$ cat work.csv   # CSV, C-alpha atoms
chain,number,residue,atom,x,y,z
T,20,MET,CA,-61.3,21.5,45.2
T,21,LEU,CA,-57.6,20.8,44.9
T,22,ASN,CA,-56.7,24.5,45.0
T,23,TYR,CA,-58.9,24.9,48.1
T,24,ILE,CA,-57.1,22.0,49.9
T,25,ALA,CA,-53.7,23.5,48.8
T,26,GLN,CA,-54.6,26.9,50.3
T,27,LEU,CA,-55.8,25.3,53.5
T,28,ILE,CA,-52.6,23.3,54.0
T,29,GLY,CA,-50.4,26.2,52.8
T,30,ASP,CA,-51.3,28.4,55.7
T,31,PRO,CA,-48.4,28.3,58.3
T,32,ILE,CA,-50.7,27.8,61.3
T,33,ARG,CA,-52.8,25.1,59.7
T,34,ALA,CA,-49.7,23.4,58.4
T,35,ASN,CA,-48.2,23.4,61.9
T,36,ILE,CA,-51.4,22.0,63.3
T,37,LEU,CA,-51.3,19.1,60.8
T,38,TRP,CA,-47.6,18.6,61.5
T,39,THR,CA,-48.3,18.4,65.3
T,40,LEU,CA,-51.0,15.8,64.8
T,41,LEU,CA,-48.5,13.5,63.0
T,42,ASP,CA,-47.5,11.9,66.3
T,43,GLY,CA,-50.9,10.1,66.3
T,44,ARG,CA,-52.2,11.5,69.5
T,45,ALA,CA,-55.5,13.4,69.9
T,46,TYR,CA,-55.1,17.1,71.0
T,47,THR,CA,-57.4,19.7,72.5
T,48,ALA,CA,-57.7,23.1,70.8
T,49,SER,CA,-55.7,24.7,73.7
T,50,GLU,CA,-52.9,22.1,73.4
T,51,LEU,CA,-52.7,22.7,69.6
T,52,ALA,CA,-52.8,26.5,70.2
T,53,ALA,CA,-49.8,26.2,72.5
T,54,ALA,CA,-48.0,23.8,70.1
T,55,VAL,CA,-48.3,26.2,67.1
T,56,ASP,CA,-47.9,29.4,69.2
T,57,THR,CA,-51.1,31.1,68.5
T,58,SER,CA,-54.2,32.3,70.5
T,59,ALA,CA,-57.0,29.9,71.3
T,60,PRO,CA,-59.6,31.8,69.3
T,61,ASN,CA,-57.3,31.9,66.2
T,62,CYS,CA,-56.5,28.2,66.6
T,63,SER,CA,-60.2,27.3,66.9
T,64,MET,CA,-60.9,29.3,63.6
T,65,HIS,CA,-58.2,27.3,61.8
T,66,LEU,CA,-59.5,24.0,63.3
T,67,ALA,CA,-63.0,24.7,62.0
T,68,LYS,CA,-61.7,25.2,58.5
T,69,LEU,CA,-59.8,21.9,58.6
T,70,ILE,CA,-62.8,20.1,59.9
T,71,LYS,CA,-65.0,21.6,57.2
T,72,ALA,CA,-62.6,20.3,54.6
T,73,ASP,CA,-62.7,16.8,56.2
T,74,LEU,CA,-59.0,16.9,57.1
T,75,LEU,CA,-59.7,16.7,60.8
T,76,HIS,CA,-62.1,14.9,63.1
T,77,VAL,CA,-63.3,16.2,66.5
T,78,GLU,CA,-64.7,14.1,69.3
T,79,ALA,CA,-66.1,15.4,72.5
T,80,GLN,CA,-65.3,13.7,75.8
T,81,GLY,CA,-66.7,15.4,78.8
T,82,ARG,CA,-65.7,19.1,78.7
T,83,ASN,CA,-62.9,18.5,76.2
T,84,ARG,CA,-63.0,18.3,72.4
T,85,TYR,CA,-60.2,16.2,70.9
T,86,TYR,CA,-58.9,16.7,67.4
T,87,THR,CA,-57.3,14.0,65.2
T,88,PHE,CA,-56.8,13.4,61.5
T,89,SER,CA,-60.1,12.4,59.8
T,90,ARG,CA,-58.4,9.5,58.1
T,91,PRO,CA,-54.8,8.1,57.8
T,92,GLU,CA,-54.4,9.3,54.2
T,93,VAL,CA,-54.3,12.9,55.5
T,94,ALA,CA,-51.2,12.0,57.6
T,95,TYR,CA,-49.6,10.4,54.6
T,96,ALA,CA,-50.1,13.5,52.5
T,97,VAL,CA,-48.6,15.7,55.2
T,98,GLU,CA,-45.5,13.5,55.5
T,99,ALA,CA,-45.1,13.4,51.7
T,100,LEU,CA,-45.5,17.2,51.4
T,101,ALA,CA,-42.7,17.6,53.9
T,102,ALA,CA,-40.4,15.9,51.4
T,103,LEU,CA,-40.7,19.1,49.3
T,104,ILE,CA,-38.9,21.2,52.0
T,105,PRO,CA,-35.8,22.7,50.5
T,106,HIS,CA,-32.6,20.9,51.4
T,107,HIS,CA,-31.2,23.7,53.6
T,108,HIS,CA,-34.3,24.1,55.7
T,109,ARG,CA,-34.5,20.3,56.1
T,110,GLU,CA,-31.0,20.2,57.4
T,111,VAL,CA,-31.8,22.9,60.0
T,112,ALA,CA,-34.8,20.9,61.2
T,113,GLU,CA,-32.8,17.7,61.4
T,114,LYS,CA,-30.0,19.4,63.4
T,115,GLU,CA,-32.6,20.8,65.8
T,116,ASP,CA,-33.9,17.3,66.5
T,117,PRO,CA,-31.5,14.5,65.2
T,118,PRO,CA,-33.5,11.6,66.7
T,119,ILE,CA,-36.5,12.6,64.4
T,120,ARG,CA,-34.4,11.7,61.3
T,121,THR,CA,-33.2,8.4,62.8
T,122,CYS,CA,-36.5,6.8,64.0
T,123,ARG,CA,-39.9,8.4,64.5
T,124,THR,CA,-43.6,7.7,64.2
T,125,CYS,CA,-45.5,8.9,61.2
T,126,TYR,CA,-49.0,9.0,62.6
T,127,ASP,CA,-49.4,5.2,63.3
T,128,HIS,CA,-46.5,3.6,61.5
T,129,LEU,CA,-42.7,3.8,61.7
T,130,ALA,CA,-40.7,6.4,59.7
T,131,GLY,CA,-37.2,7.8,59.6
T,132,ARG,CA,-34.0,6.0,58.7
T,133,VAL,CA,-35.0,2.9,60.7
T,134,GLY,CA,-38.5,2.9,59.2
T,135,VAL,CA,-37.1,2.9,55.7
T,136,GLN,CA,-34.5,0.2,56.6
T,137,LEU,CA,-37.4,-1.9,58.0
T,138,ALA,CA,-39.4,-1.7,54.8
T,139,GLU,CA,-36.3,-2.4,52.7
T,140,GLY,CA,-35.4,-5.3,55.0
T,141,LEU,CA,-38.9,-6.8,54.6
T,142,VAL,CA,-38.5,-6.6,50.8
T,143,LYS,CA,-35.0,-8.2,50.9
T,144,GLN,CA,-36.3,-11.1,53.0
T,145,HIS,CA,-39.0,-11.5,50.4
T,146,PHE,CA,-41.8,-10.8,52.9
T,147,LEU,CA,-43.0,-7.9,50.8
T,148,VAL,CA,-42.7,-6.9,47.1
T,149,LYS,CA,-42.6,-3.2,46.4
T,150,THR,CA,-44.6,-1.6,43.6
T,151,SER,CA,-45.0,2.0,42.7
T,152,LYS,CA,-47.8,2.7,45.3
T,153,GLU,CA,-47.8,-0.2,47.7
T,154,PHE,CA,-46.1,-3.2,49.2
T,155,GLN,CA,-47.5,-6.6,48.3
T,156,LEU,CA,-47.5,-9.3,50.9
T,157,THR,CA,-45.9,-12.6,49.9
T,158,GLN,CA,-46.9,-16.1,51.2
T,159,LYS,CA,-43.6,-16.1,53.1
T,160,GLY,CA,-44.4,-12.7,54.5
T,161,MET,CA,-47.8,-13.7,55.6
T,162,ARG,CA,-46.3,-16.5,57.6
T,163,TRP,CA,-43.8,-14.1,59.2
T,164,PHE,CA,-46.4,-11.5,60.2
T,165,GLU,CA,-48.8,-14.1,61.5
T,166,GLN,CA,-45.9,-15.6,63.6
T,167,LYS,CA,-45.6,-12.1,65.2
T,168,GLY,CA,-49.3,-12.2,66.2
T,169,ILE,CA,-50.6,-10.0,63.4
T,170,ASP,CA,-53.9,-11.1,62.0
T,171,ILE,CA,-53.5,-10.6,58.2
T,172,ALA,CA,-57.0,-11.6,57.3
T,173,ALA,CA,-58.5,-9.1,59.7
T,174,LEU,CA,-56.3,-6.3,58.4
T,175,GLN,CA,-57.2,-7.1,54.8
T,176,HIS,CA,-61.0,-6.9,55.5
T,177,THR,CA,-60.9,-3.4,56.9
T,178,ARG,CA,-61.8,-0.4,54.7
T,179,ARG,CA,-58.4,1.0,55.2
T,180,ASN,CA,-55.5,0.6,52.7
T,181,PHE,CA,-53.6,-2.5,53.6
T,182,SER,CA,-49.9,-1.9,52.8
T,183,ARG,CA,-49.2,1.3,51.0
T,184,THR,CA,-45.9,3.1,50.5
T,185,CYS,CA,-45.4,6.5,52.3
T,186,LEU,CA,-42.6,8.7,51.1
T,187,ASP,CA,-40.3,9.5,54.0
T,188,TRP,CA,-39.6,13.2,54.3
T,189,THR,CA,-36.1,12.9,55.6
T,190,GLU,CA,-34.9,9.8,53.7
T,191,ARG,CA,-36.8,10.5,50.5
T,192,ARG,CA,-37.5,6.8,50.2
T,193,PRO,CA,-40.7,4.9,51.1
T,194,HIS,CA,-41.5,3.3,54.4
T,195,LEU,CA,-44.4,1.0,55.1
T,196,ALA,CA,-47.8,2.5,56.0
T,197,GLY,CA,-51.4,1.3,55.9
T,198,SER,CA,-53.0,-1.1,58.3
T,199,LEU,CA,-50.1,-3.5,58.0
T,200,GLY,CA,-47.6,-0.8,58.9
T,201,ALA,CA,-49.7,0.2,61.9
T,202,ALA,CA,-50.0,-3.3,63.1
T,203,LEU,CA,-46.2,-3.9,62.8
T,204,LEU,CA,-45.5,-0.7,64.8
T,205,LYS,CA,-47.9,-1.8,67.5
T,206,MET,CA,-46.2,-5.2,67.7
T,207,MET,CA,-42.8,-3.6,68.0
T,208,PHE,CA,-44.0,-1.5,70.9
T,209,ASP,CA,-45.8,-4.4,72.5
T,210,GLU,CA,-42.6,-6.6,72.2
T,211,ASN,CA,-40.4,-3.7,73.5
T,212,TRP,CA,-38.4,-3.6,70.3
T,213,LEU,CA,-39.2,0.2,70.3
T,214,ARG,CA,-39.7,2.7,73.1
T,215,ARG,CA,-41.3,6.1,72.8
T,216,ILE,CA,-39.3,9.2,73.8
T,217,PRO,CA,-41.6,11.5,75.8
T,218,HIS,CA,-42.8,14.8,74.2
T,219,THR,CA,-41.6,14.0,70.7
T,220,ARG,CA,-42.3,11.7,67.7
T,221,ALA,CA,-38.8,10.3,68.0
T,222,VAL,CA,-38.6,6.6,68.9
T,223,GLN,CA,-35.8,4.6,70.4
T,224,VAL,CA,-34.8,1.1,69.3
T,225,THR,CA,-34.2,-0.9,72.4
T,226,PRO,CA,-31.3,-3.5,72.7
T,227,LYS,CA,-34.0,-6.2,72.4
T,228,GLY,CA,-35.2,-4.5,69.2
T,229,ARG,CA,-31.7,-4.3,67.7
T,230,LYS,CA,-31.2,-7.9,68.4
T,231,ALA,CA,-34.5,-8.9,66.9
T,232,LEU,CA,-34.2,-6.8,63.8
T,233,SER,CA,-30.7,-8.2,63.2
T,234,ALA,CA,-31.9,-11.8,63.6
T,235,GLU,CA,-35.2,-11.5,61.8
T,236,LEU,CA,-34.4,-9.0,59.0
T,237,LYS,CA,-30.6,-8.8,58.9
T,238,LEU,CA,-30.7,-5.2,59.9
T,239,GLU,CA,-27.9,-3.5,61.8
T,240,ILE,CA,-29.4,-0.5,63.6

$ encode --input "work.csv" --output "structure tokens"
Amino acid sequence: MLNYIAQLIGDPIRANILWTLLDGRAYTASELAAAVDTSAPNCSMHLAKLIKADLLHVEAQGRNRYYTFSRPEVAYAVEALAALIPHHHREVAEKEDPPIRTCRTCYDHLAGRVGVQLAEGLVKQHFLVKTSKEFQLTQKGMRWFEQKGIDIAALQHTRRNFSRTCLDWTERRPHLAGSLGAALLKMMFDENWLRRIPHTRAVQVTPKGRKALSAELKLEI
């Protein structure tokens, strides 16, 4: 089964489809075909294989069918695999889109240099404790997150992983994923700490966000 999944992800078109979906939005087959530069019939064939392997989920709304990751773990795996990109090719990608390295979304949580700094800041303030595969929430951290309007009890009772590490493909250090990472990103957007940059996964830290991150976590963005 592992070899089968590796072959699926290893195909350039399917890899680009998965990479495109990392921005957390649902796409139609025609949108994905345009994004990965292939024909609609060819894209549909690749999408069918990804759905059969339970890597993607499709939902019909009216005449359109929208494709997303079947579960967050697929997105985490894609981000982690990108860390294997050879150094030279990674530098080329970063030069083509420098904001991607600085601050971006990784499916539904924050990544890039700012995402890693955020996770490390939460650890330094003793809100989280990092282990090999996850971040553990402290009592001090629980109070901080709840002060930000994040319902910790509700997040811990979902079937989803609560606060796992996700290896950042540009920084090669972990950022915060899981339901806690997703809730934190949503709060930062809601509070205008972050602002999306259209047509890209890159995210901008607002002046309000820089001030808040400095005051709350001693981060200088």

$ residues_around --input "work.csv" --residues "range 208-215 of chain T" --least-positions-apart "3" --cutoff "9 Å" --atoms "all atoms listed in the file" --output "list in words"
Arg123, Leu203, Leu204, Lys205, His218, Thr219, Arg220, Ala221, Val222, Gln223, Val224, Thr225, Pro226, Lys227, Gly228, Arg229, Lys230, Ala231 and Leu232 of chain T

$ write_last_selection --input "work.csv" --atoms "C-alpha atoms" --output "mmCIF file, in the coordinates of the input"
data_model
loop_
_atom_site.group_PDB
_atom_site.id
_atom_site.type_symbol
_atom_site.label_atom_id
_atom_site.label_comp_id
_atom_site.auth_asym_id
_atom_site.auth_seq_id
_atom_site.Cartn_x
_atom_site.Cartn_y
_atom_site.Cartn_z
ATOM 1 C CA ARG T 123 -39.900 8.400 64.500
ATOM 2 C CA LEU T 203 -46.200 -3.900 62.800
ATOM 3 C CA LEU T 204 -45.500 -0.700 64.800
ATOM 4 C CA LYS T 205 -47.900 -1.800 67.500
ATOM 5 C CA HIS T 218 -42.800 14.800 74.200
ATOM 6 C CA THR T 219 -41.600 14.000 70.700
ATOM 7 C CA ARG T 220 -42.300 11.700 67.700
ATOM 8 C CA ALA T 221 -38.800 10.300 68.000
ATOM 9 C CA VAL T 222 -38.600 6.600 68.900
ATOM 10 C CA GLN T 223 -35.800 4.600 70.400
ATOM 11 C CA VAL T 224 -34.800 1.100 69.300
ATOM 12 C CA THR T 225 -34.200 -0.900 72.400
ATOM 13 C CA PRO T 226 -31.300 -3.500 72.700
ATOM 14 C CA LYS T 227 -34.000 -6.200 72.400
ATOM 15 C CA GLY T 228 -35.200 -4.500 69.200
ATOM 16 C CA ARG T 229 -31.700 -4.300 67.700
ATOM 17 C CA LYS T 230 -31.200 -7.900 68.400
ATOM 18 C CA ALA T 231 -34.500 -8.900 66.900
ATOM 19 C CA LEU T 232 -34.200 -6.800 63.800
#

$ atom_distance --input "work.csv" --atom1 "CA of Ser182 in chain T" --atom2 "CA of Phe146 in chain T"
12.0 Å

$ closest_residue --input "work.csv" --among "T:Arg179, T:Gly29, T:Leu199, T:Arg132" --to "Gly160 in chain T" --atoms "all atoms listed in the file"
T:Leu199

$ residues_around --input "work.csv" --residues "Ala45 in chain T" --least-positions-apart "2" --cutoff "7 Å" --atoms "all atoms listed in the file" --output "list in words"
Gly43, Tyr85, Tyr86 and Thr87 of chain T

$ atom_distance --input "work.csv" --atom1 "CA of Ile119 in chain T" --atom2 "CA of Gly131 in chain T"
6.8 Å

$ atom_distance --input "work.csv" --atom1 "CA of Glu139 in chain T" --atom2 "CA of Thr157 in chain T"
14.3 Å

$ residues_around --input "work.csv" --residues "Pro60 in chain T" --least-positions-apart "4" --cutoff "10 Å" --atoms "all atoms listed in the file" --output "list in words"
Ala48, Ser49, Ala52, Met64, His65 and Leu66 of chain T

$ closest_residue --input "work.csv" --among "T:Ala53, T:Cys125, T:Leu69, T:Ile169" --to "Asp30 in chain T" --atoms "all atoms listed in the file"
T:Leu69

$ closest_residue --input "work.csv" --among "T:Ile36, T:Ala79, T:Met206, T:Ala67" --to "Glu50 in chain T" --atoms "only C-alpha atoms"
T:Ile36

$ closest_residue --input "work.csv" --among "T:Ala234, T:Val97, T:Leu51, T:Leu40" --to "Ile28 in chain T" --atoms "all atoms listed in the file"
T:Val97

$ closest_residue --input "work.csv" --among "T:Glu235, T:Glu98, T:Glu165, T:Glu78" --to "Asp187 in chain T" --atoms "all atoms listed in the file"
T:Glu98

$ residues_around --input "work.csv" --residues "Leu129 in chain T" --least-positions-apart "5" --cutoff "9 Å" --atoms "all atoms listed in the file" --output "ChimeraX atom specification"
/T:122-124,134-135,137,194-196,200-201,203-204,222

$ closest_residue --input "work.csv" --among "T:Asn22, T:Ser198, T:Thr184, T:Ser58" --to "Lys149 in chain T" --atoms "all atoms listed in the file"
T:Thr184

$ residues_around --input "work.csv" --residues "Ser89 in chain T" --least-positions-apart "4" --cutoff "8 Å" --atoms "all atoms listed in the file" --output "CSV table (one decimal) with C-alpha atoms, in the frame of the given file"
chain,number,residue,atom,x,y,z
T,73,ASP,CA,-62.7,16.8,56.2
T,74,LEU,CA,-59.0,16.9,57.1
T,75,LEU,CA,-59.7,16.7,60.8
T,76,HIS,CA,-62.1,14.9,63.1
T,93,VAL,CA,-54.3,12.9,55.5
